[in-house]
Amino acid sequence: MYMVKKLDAGDIISQRAIPIEAEDNVGTMHDKLSQLGTELLEETLPSLLNGTNSRTPQDEAHVSFASNIQREDERIHWDRDALTIYNHIRGLSPWPVAYTQFEDKTMKIYAAEIVKNQSGKAGQIIETTKRQIIVGTGSEDSIALTEIQLSGKKRMPVSQFLSGYQENLVGKEFV
């Protein structure tokens with residue numbers, strides 16, 4: 001992008017789009033975009049240096065604004081639908097990380113899956129499997145937590161957490 005006084009408003013030097021897959025998160029997109037950026041720079045730099053590159057004005061109708069992420073933005077709101085919660089988790093993983101409260105401790109959620117047609121009270125654990133904690137949402141679908149980190153503990157697969165947690169989790173609630 002060419003520099004102008006207005007922030008992010010200069011003409012575009014070069015661009016390319018890539019798909020965001022259903023399993024992508026901030027970390028995988030960072031890696032994909034880093035690779036793509038390297039390739040695009042290698043392709044574009046020669047024409048930029050010899051003055052033969054083209055300029056594409058930005059379309060103001062497609063400009064978007066994103067504010068800085070605040071701590072409260074990272075909190076999971078279990079009353080939302082499962083897809084919104086799933087995308088929220090993906091959009092914050094592996095950093096800064098979506099979180100919830102569990103037994104007066106912060107639990108970071110690094111990975112999850114949508115469980116279709118399994119509903120329950122929003123925020124309540126409705127089932128556990130060997131590798132998942134399934135939580136009700138504000139829709140007919142649920143969220144299966146697969147990778148977490150409880151305050152003061154290391155990041156781990158849910159299977160590891162469950163092997164060390166002796167109580168029945170069904171009915172307990174995330175806040």
# chains A, B, ... in the order shown; residues from 1 in each chain; ligands from 1

$ closest_atom_pairs --of "segment 28-81 of chain A" --to "segment 139-142 of chain A" --cutoff "10 Å" --atoms "only C-alpha atoms" --output "Markdown table"
| residue | atom | partner | partner_atom | distance |
| --- | --- | --- | --- | --- |
| A:Trp78 | CA | A:Ser139 | CA | 9.5 |
| A:Asp79 | CA | A:Ser139 | CA | 7.8 |
| A:Arg80 | CA | A:Ser139 | CA | 7.1 |
| A:Asp81 | CA | A:Ser139 | CA | 4.8 |

$ residues_around --residues "segment 56-62 of chain A" --least-positions-apart "2" --cutoff "9 Å" --atoms "only C-alpha atoms" --output "ChimeraX atom specification"
/A:9-14,54,64

$ write_last_selection --atoms "N, CA and C atoms" --output "mmCIF file, in the first residue's frame"
data_model
loop_
_atom_site.group_PDB
_atom_site.id
_atom_site.type_symbol
_atom_site.label_atom_id
_atom_site.label_comp_id
_atom_site.auth_asym_id
_atom_site.auth_seq_id
_atom_site.Cartn_x
_atom_site.Cartn_y
_atom_site.Cartn_z
ATOM 1 N N ALA A 9 -5.163 4.253 3.831
ATOM 2 C CA ALA A 9 -5.986 4.821 2.765
ATOM 3 C C ALA A 9 -5.265 4.924 1.430
ATOM 4 N N GLY A 10 -3.994 4.588 1.376
ATOM 5 C CA GLY A 10 -3.235 4.718 0.133
ATOM 6 C C GLY A 10 -3.643 3.708 -0.922
ATOM 7 N N ASP A 11 -3.174 3.962 -2.153
ATOM 8 C CA ASP A 11 -3.442 3.028 -3.246
ATOM 9 C C ASP A 11 -2.815 1.670 -2.939
ATOM 10 N N ILE A 12 -3.456 0.627 -3.425
ATOM 11 C CA ILE A 12 -2.986 -0.738 -3.215
ATOM 12 C C ILE A 12 -1.930 -1.066 -4.262
ATOM 13 N N ILE A 13 -0.815 -1.605 -3.824
ATOM 14 C CA ILE A 13 0.267 -2.009 -4.721
ATOM 15 C C ILE A 13 -0.040 -3.383 -5.308
ATOM 16 N N SER A 14 -0.456 -4.296 -4.464
ATOM 17 C CA SER A 14 -0.753 -5.661 -4.899
ATOM 18 C C SER A 14 -1.598 -6.325 -3.825
ATOM 19 N N SER A 54 1.417 -1.267 -11.102
ATOM 20 C CA SER A 54 0.148 -0.534 -11.204
ATOM 21 C C SER A 54 -0.327 -0.160 -9.804
ATOM 22 N N SER A 64 -13.214 -1.349 6.312
ATOM 23 C CA SER A 64 -13.799 -1.739 7.597
ATOM 24 C C SER A 64 -12.901 -1.242 8.723
#

$ residues_around --residues "segment 121-130 of chain A" --least-positions-apart "3" --cutoff "7 Å" --atoms "only C-alpha atoms" --output "PyMOL selection string"
chain A and resi 78-79+133-138+159+169-175

$ closest_residue --among "A:Ile143, A:Gln160, A:Glu103, A:Glu72" --to "Lys116 of chain A" --atoms "only C-alpha atoms"
A:Ile143

$ select_by_dssp --residues "segment 81-139 of chain A" --states "strand (DSSP E or B)" --output "VMD selection string"
chain A and resid 98 to 102 105 to 115 124 to 128 133 to 135

$ residues_around --residues "Leu33 of chain A" --least-positions-apart "3" --cutoff "12 Å" --atoms "only C-alpha atoms" --output "tab-separated table (two decimals) with C-alpha atoms, in the first residue's frame"
chain	number	residue	atom	x	y	z
A	15	GLN	CA	-3.25	-7.97	-3.24
A	16	ARG	CA	-4.46	-11.53	-3.22
A	17	ALA	CA	-7.36	-13.25	-1.44
A	18	ILE	CA	-7.23	-16.58	0.33
A	19	PRO	CA	-10.10	-18.60	1.79
A	20	ILE	CA	-10.68	-18.89	5.51
A	24	ASP	CA	-8.72	-21.93	10.65
A	25	ASN	CA	-7.97	-19.73	13.64
A	26	VAL	CA	-5.82	-16.65	14.19
A	27	GLY	CA	-2.67	-18.78	14.34
A	28	THR	CA	-3.27	-20.70	11.11
A	29	MET	CA	-4.33	-17.53	9.28
A	30	HIS	CA	-1.19	-15.76	10.54
A	36	LEU	CA	1.34	-15.44	1.04
A	37	GLY	CA	2.85	-12.06	1.93
A	38	THR	CA	6.34	-13.37	1.25
A	39	GLU	CA	5.28	-14.73	-2.14
A	40	LEU	CA	3.44	-11.52	-3.04
A	41	LEU	CA	6.42	-9.38	-2.06

$ residues_around --residues "Leu145 of chain A" --least-positions-apart "2" --cutoff "9 Å" --atoms "only C-alpha atoms" --output "NGL selection string"
:A and (109-114 or 131-135 or 143 or 147-148 or 157-158)

$ write_last_selection --atoms "C-alpha atoms" --output "PDB file, in the first residue's frame"
ATOM      1  CA  ILE A 109     -10.568 -22.142  25.450  1.00  0.00           C
ATOM      2  CA  TYR A 110      -8.128 -22.827  22.602  1.00  0.00           C
ATOM      3  CA  ALA A 111     -10.124 -25.256  20.482  1.00  0.00           C
ATOM      4  CA  ALA A 112     -13.705 -26.427  20.159  1.00  0.00           C
ATOM      5  CA  GLU A 113     -16.158 -28.043  17.778  1.00  0.00           C
ATOM      6  CA  ILE A 114     -19.847 -27.573  17.064  1.00  0.00           C
ATOM      7  CA  ARG A 131     -11.919 -35.986  24.831  1.00  0.00           C
ATOM      8  CA  GLN A 132     -14.673 -33.348  25.045  1.00  0.00           C
ATOM      9  CA  ILE A 133     -16.657 -31.212  27.441  1.00  0.00           C
ATOM     10  CA  ILE A 134     -19.973 -30.461  25.731  1.00  0.00           C
ATOM     11  CA  VAL A 135     -21.603 -27.170  26.713  1.00  0.00           C
ATOM     12  CA  ILE A 143     -20.037 -26.536  21.751  1.00  0.00           C
ATOM     13  CA  GLU A 147      -8.339 -27.837  24.256  1.00  0.00           C
ATOM     14  CA  ILE A 148      -8.304 -25.688  27.387  1.00  0.00           C
ATOM     15  CA  PRO A 157      -6.321 -31.366  25.612  1.00  0.00           C
ATOM     16  CA  VAL A 158      -9.637 -31.819  27.410  1.00  0.00           C
TER      17      VAL A 158
END

$ select_by_dssp --residues "segment 36-158 of chain A" --states "alpha helix (DSSP H)" --output "PyMOL selection string"
chain A and resi 36-49+82-91+158

$ write_last_selection --atoms "N, CA and C atoms" --output "compact mmCIF listing (two decimals), in the first residue's frame"
# COMPACT_ATOMS: atom_id res chain seq x y z
N LEU A 36 1.87 -16.14 2.20
CA LEU A 36 1.34 -15.44 1.04
C LEU A 36 2.00 -14.07 0.88
N GLY A 37 2.21 -13.37 1.99
CA GLY A 37 2.85 -12.06 1.93
C GLY A 37 4.26 -12.13 1.39
N THR A 38 4.98 -13.16 1.77
CA THR A 38 6.34 -13.37 1.25
C THR A 38 6.31 -13.58 -0.26
N GLU A 39 5.41 -14.45 -0.70
CA GLU A 39 5.28 -14.73 -2.14
C GLU A 39 4.88 -13.47 -2.91
N LEU A 40 3.93 -12.73 -2.37
CA LEU A 40 3.44 -11.52 -3.04
C LEU A 40 4.53 -10.46 -3.12
N LEU A 41 5.32 -10.33 -2.07
CA LEU A 41 6.42 -9.38 -2.06
C LEU A 41 7.46 -9.75 -3.12
N GLU A 42 7.80 -11.03 -3.20
CA GLU A 42 8.77 -11.49 -4.21
C GLU A 42 8.27 -11.23 -5.63
N GLU A 43 6.96 -11.37 -5.85
CA GLU A 43 6.38 -11.14 -7.17
C GLU A 43 6.28 -9.65 -7.51
N THR A 44 6.01 -8.83 -6.51
CA THR A 44 5.70 -7.41 -6.73
C THR A 44 6.93 -6.51 -6.69
N LEU A 45 7.91 -6.85 -5.90
CA LEU A 45 9.07 -5.98 -5.70
C LEU A 45 9.78 -5.58 -6.99
N PRO A 46 10.02 -6.48 -7.94
CA PRO A 46 10.71 -6.06 -9.16
C PRO A 46 9.97 -4.94 -9.91
N SER A 47 8.66 -5.05 -10.08
CA SER A 47 7.92 -4.00 -10.80
C SER A 47 7.85 -2.71 -9.98
N LEU A 48 7.85 -2.82 -8.68
CA LEU A 48 7.84 -1.63 -7.83
C LEU A 48 9.17 -0.89 -7.95
N LEU A 49 10.27 -1.64 -7.95
CA LEU A 49 11.59 -1.03 -8.04
C LEU A 49 11.87 -0.40 -9.41
N ALA A 82 -24.27 -21.44 18.74
CA ALA A 82 -23.05 -22.25 18.71
C ALA A 82 -22.06 -21.77 17.65
N LEU A 83 -22.54 -21.40 16.47
CA LEU A 83 -21.63 -20.94 15.41
C LEU A 83 -20.91 -19.66 15.82
N THR A 84 -21.63 -18.74 16.44
CA THR A 84 -21.02 -17.49 16.91
C THR A 84 -19.95 -17.78 17.96
N ILE A 85 -20.24 -18.67 18.89
CA ILE A 85 -19.27 -19.02 19.93
C ILE A 85 -18.05 -19.72 19.31
N TYR A 86 -18.30 -20.65 18.40
CA TYR A 86 -17.21 -21.35 17.72
C TYR A 86 -16.29 -20.37 16.99
N ASN A 87 -16.88 -19.44 16.24
CA ASN A 87 -16.08 -18.44 15.52
C ASN A 87 -15.37 -17.50 16.48
N HIS A 88 -15.98 -17.20 17.60
CA HIS A 88 -15.35 -16.36 18.63
C HIS A 88 -14.08 -17.05 19.14
N ILE A 89 -14.17 -18.33 19.44
CA ILE A 89 -13.01 -19.10 19.92
C ILE A 89 -11.92 -19.13 18.85
N ARG A 90 -12.30 -19.42 17.61
CA ARG A 90 -11.32 -19.47 16.51
C ARG A 90 -10.67 -18.11 16.29
N GLY A 91 -11.45 -17.05 16.42
CA GLY A 91 -10.95 -15.71 16.18
C GLY A 91 -9.99 -15.20 17.24
N VAL A 158 -8.60 -31.56 26.41
CA VAL A 158 -9.64 -31.82 27.41
C VAL A 158 -9.49 -33.22 27.99

$ closest_residue --among "A:Ser34, A:Gln70, A:Asn168, A:Ser151" --to "Pro96 of chain A" --atoms "only C-alpha atoms"
A:Gln70

$ atom_distance --atom1 "atom CA of Glu23 of chain A" --atom2 "atom CA of Leu150 of chain A"
23.0 Å

$ decode --residues "segment 48-151 of chain A" --atoms "C-alpha atoms" --output "PDB file, in the first residue's frame"
ATOM      1  CA  LEU A  48       7.838  -1.633  -7.826  1.00  0.00           C
ATOM      2  CA  LEU A  49      11.591  -1.028  -8.039  1.00  0.00           C
ATOM      3  CA  ASN A  50      11.616  -0.428 -11.802  1.00  0.00           C
ATOM      4  CA  GLY A  51       8.487   1.764 -11.695  1.00  0.00           C
ATOM      5  CA  THR A  52       6.232  -0.456 -13.823  1.00  0.00           C
ATOM      6  CA  ASN A  53       3.811  -1.471 -11.086  1.00  0.00           C
ATOM      7  CA  SER A  54       0.148  -0.534 -11.204  1.00  0.00           C
ATOM      8  CA  ARG A  55      -1.774   1.290  -8.486  1.00  0.00           C
ATOM      9  CA  THR A  56      -5.304   0.379  -7.444  1.00  0.00           C
ATOM     10  CA  PRO A  57      -7.286   2.980  -5.487  1.00  0.00           C
ATOM     11  CA  GLN A  58      -9.008   1.592  -2.404  1.00  0.00           C
ATOM     12  CA  ASP A  59     -12.784   1.369  -2.587  1.00  0.00           C
ATOM     13  CA  GLU A  60     -14.054   3.261   0.464  1.00  0.00           C
ATOM     14  CA  ALA A  61     -17.250   1.181   0.364  1.00  0.00           C
ATOM     15  CA  HIS A  62     -15.194  -1.872   1.349  1.00  0.00           C
ATOM     16  CA  VAL A  63     -13.207  -0.250   4.153  1.00  0.00           C
ATOM     17  CA  SER A  64     -13.799  -1.739   7.597  1.00  0.00           C
ATOM     18  CA  PHE A  65     -12.736  -0.698  11.067  1.00  0.00           C
ATOM     19  CA  ALA A  66     -11.798  -2.926  13.976  1.00  0.00           C
ATOM     20  CA  SER A  67     -11.147  -1.540  17.423  1.00  0.00           C
ATOM     21  CA  ASN A  68      -8.518  -2.962  19.750  1.00  0.00           C
ATOM     22  CA  ILE A  69      -9.605  -6.151  21.513  1.00  0.00           C
ATOM     23  CA  GLN A  70     -10.393  -5.540  25.171  1.00  0.00           C
ATOM     24  CA  ARG A  71     -10.322  -8.229  27.889  1.00  0.00           C
ATOM     25  CA  GLU A  72     -14.132  -8.306  28.039  1.00  0.00           C
ATOM     26  CA  ASP A  73     -14.243  -8.953  24.265  1.00  0.00           C
ATOM     27  CA  GLU A  74     -12.468 -12.262  24.915  1.00  0.00           C
ATOM     28  CA  ARG A  75     -15.184 -13.575  27.270  1.00  0.00           C
ATOM     29  CA  ILE A  76     -17.460 -16.290  25.872  1.00  0.00           C
ATOM     30  CA  HIS A  77     -21.160 -15.463  26.063  1.00  0.00           C
ATOM     31  CA  TRP A  78     -22.796 -18.882  26.233  1.00  0.00           C
ATOM     32  CA  ASP A  79     -26.256 -17.501  25.428  1.00  0.00           C
ATOM     33  CA  ARG A  80     -25.140 -16.855  21.849  1.00  0.00           C
ATOM     34  CA  ASP A  81     -25.612 -19.455  19.125  1.00  0.00           C
ATOM     35  CA  ALA A  82     -23.050 -22.248  18.706  1.00  0.00           C
ATOM     36  CA  LEU A  83     -21.627 -20.944  15.415  1.00  0.00           C
ATOM     37  CA  THR A  84     -21.020 -17.488  16.908  1.00  0.00           C
ATOM     38  CA  ILE A  85     -19.266 -19.022  19.927  1.00  0.00           C
ATOM     39  CA  TYR A  86     -17.205 -21.353  17.715  1.00  0.00           C
ATOM     40  CA  ASN A  87     -16.085 -18.445  15.519  1.00  0.00           C
ATOM     41  CA  HIS A  88     -15.346 -16.364  18.629  1.00  0.00           C
ATOM     42  CA  ILE A  89     -13.015 -19.097  19.917  1.00  0.00           C
ATOM     43  CA  ARG A  90     -11.317 -19.470  16.506  1.00  0.00           C
ATOM     44  CA  GLY A  91     -10.951 -15.707  16.176  1.00  0.00           C
ATOM     45  CA  LEU A  92      -9.002 -15.494  19.432  1.00  0.00           C
ATOM     46  CA  SER A  93      -6.886 -18.662  19.276  1.00  0.00           C
ATOM     47  CA  PRO A  94      -4.035 -19.067  19.965  1.00  0.00           C
ATOM     48  CA  TRP A  95      -3.883 -15.450  21.113  1.00  0.00           C
ATOM     49  CA  PRO A  96      -5.275 -13.545  22.956  1.00  0.00           C
ATOM     50  CA  VAL A  97      -7.620 -16.548  23.702  1.00  0.00           C
ATOM     51  CA  ALA A  98     -11.330 -16.735  24.485  1.00  0.00           C
ATOM     52  CA  TYR A  99     -12.148 -17.456  28.112  1.00  0.00           C
ATOM     53  CA  THR A 100     -14.913 -18.364  30.511  1.00  0.00           C
ATOM     54  CA  GLN A 101     -15.206 -18.762  34.278  1.00  0.00           C
ATOM     55  CA  PHE A 102     -15.321 -22.237  35.815  1.00  0.00           C
ATOM     56  CA  GLU A 103     -15.510 -22.772  39.582  1.00  0.00           C
ATOM     57  CA  ASP A 104     -14.213 -19.245  40.261  1.00  0.00           C
ATOM     58  CA  LYS A 105     -11.231 -19.764  37.947  1.00  0.00           C
ATOM     59  CA  THR A 106     -10.556 -18.485  34.470  1.00  0.00           C
ATOM     60  CA  MET A 107     -10.562 -21.184  31.808  1.00  0.00           C
ATOM     61  CA  LYS A 108      -9.068 -20.320  28.431  1.00  0.00           C
ATOM     62  CA  ILE A 109     -10.568 -22.142  25.450  1.00  0.00           C
ATOM     63  CA  TYR A 110      -8.128 -22.827  22.602  1.00  0.00           C
ATOM     64  CA  ALA A 111     -10.124 -25.256  20.482  1.00  0.00           C
ATOM     65  CA  ALA A 112     -13.705 -26.427  20.159  1.00  0.00           C
ATOM     66  CA  GLU A 113     -16.158 -28.043  17.778  1.00  0.00           C
ATOM     67  CA  ILE A 114     -19.847 -27.573  17.064  1.00  0.00           C
ATOM     68  CA  VAL A 115     -22.105 -30.448  18.106  1.00  0.00           C
ATOM     69  CA  LYS A 116     -25.210 -30.370  15.921  1.00  0.00           C
ATOM     70  CA  ASN A 117     -28.698 -30.932  17.352  1.00  0.00           C
ATOM     71  CA  GLN A 118     -27.623 -31.327  20.967  1.00  0.00           C
ATOM     72  CA  SER A 119     -29.055 -28.575  23.094  1.00  0.00           C
ATOM     73  CA  GLY A 120     -28.894 -27.688  26.738  1.00  0.00           C
ATOM     74  CA  LYS A 121     -28.996 -24.733  29.073  1.00  0.00           C
ATOM     75  CA  ALA A 122     -26.600 -22.024  27.886  1.00  0.00           C
ATOM     76  CA  GLY A 123     -23.250 -22.382  29.658  1.00  0.00           C
ATOM     77  CA  GLN A 124     -24.123 -25.677  31.337  1.00  0.00           C
ATOM     78  CA  ILE A 125     -22.056 -28.812  30.804  1.00  0.00           C
ATOM     79  CA  ILE A 126     -24.469 -31.308  29.290  1.00  0.00           C
ATOM     80  CA  GLU A 127     -22.085 -34.183  28.617  1.00  0.00           C
ATOM     81  CA  THR A 128     -18.464 -35.255  28.770  1.00  0.00           C
ATOM     82  CA  THR A 129     -16.741 -37.767  26.516  1.00  0.00           C
ATOM     83  CA  LYS A 130     -13.174 -39.046  26.721  1.00  0.00           C
ATOM     84  CA  ARG A 131     -11.919 -35.986  24.831  1.00  0.00           C
ATOM     85  CA  GLN A 132     -14.673 -33.348  25.045  1.00  0.00           C
ATOM     86  CA  ILE A 133     -16.657 -31.212  27.441  1.00  0.00           C
ATOM     87  CA  ILE A 134     -19.973 -30.461  25.731  1.00  0.00           C
ATOM     88  CA  VAL A 135     -21.603 -27.170  26.713  1.00  0.00           C
ATOM     89  CA  GLY A 136     -25.082 -25.849  25.970  1.00  0.00           C
ATOM     90  CA  THR A 137     -25.471 -22.601  24.025  1.00  0.00           C
ATOM     91  CA  GLY A 138     -28.249 -20.214  23.071  1.00  0.00           C
ATOM     92  CA  SER A 139     -29.198 -22.434  20.115  1.00  0.00           C
ATOM     93  CA  GLU A 140     -30.161 -26.014  19.282  1.00  0.00           C
ATOM     94  CA  ASP A 141     -26.463 -26.868  18.822  1.00  0.00           C
ATOM     95  CA  SER A 142     -23.762 -27.158  21.482  1.00  0.00           C
ATOM     96  CA  ILE A 143     -20.037 -26.536  21.751  1.00  0.00           C
ATOM     97  CA  ALA A 144     -17.553 -29.329  22.478  1.00  0.00           C
ATOM     98  CA  LEU A 145     -14.423 -28.000  24.160  1.00  0.00           C
ATOM     99  CA  THR A 146     -11.321 -29.900  23.036  1.00  0.00           C
ATOM    100  CA  GLU A 147      -8.339 -27.837  24.256  1.00  0.00           C
ATOM    101  CA  ILE A 148      -8.304 -25.688  27.387  1.00  0.00           C
ATOM    102  CA  GLN A 149      -6.150 -24.042  30.044  1.00  0.00           C
ATOM    103  CA  LEU A 150      -7.330 -23.564  33.604  1.00  0.00           C
ATOM    104  CA  SER A 151      -5.751 -20.705  35.593  1.00  0.00           C
TER     105      SER A 151
END
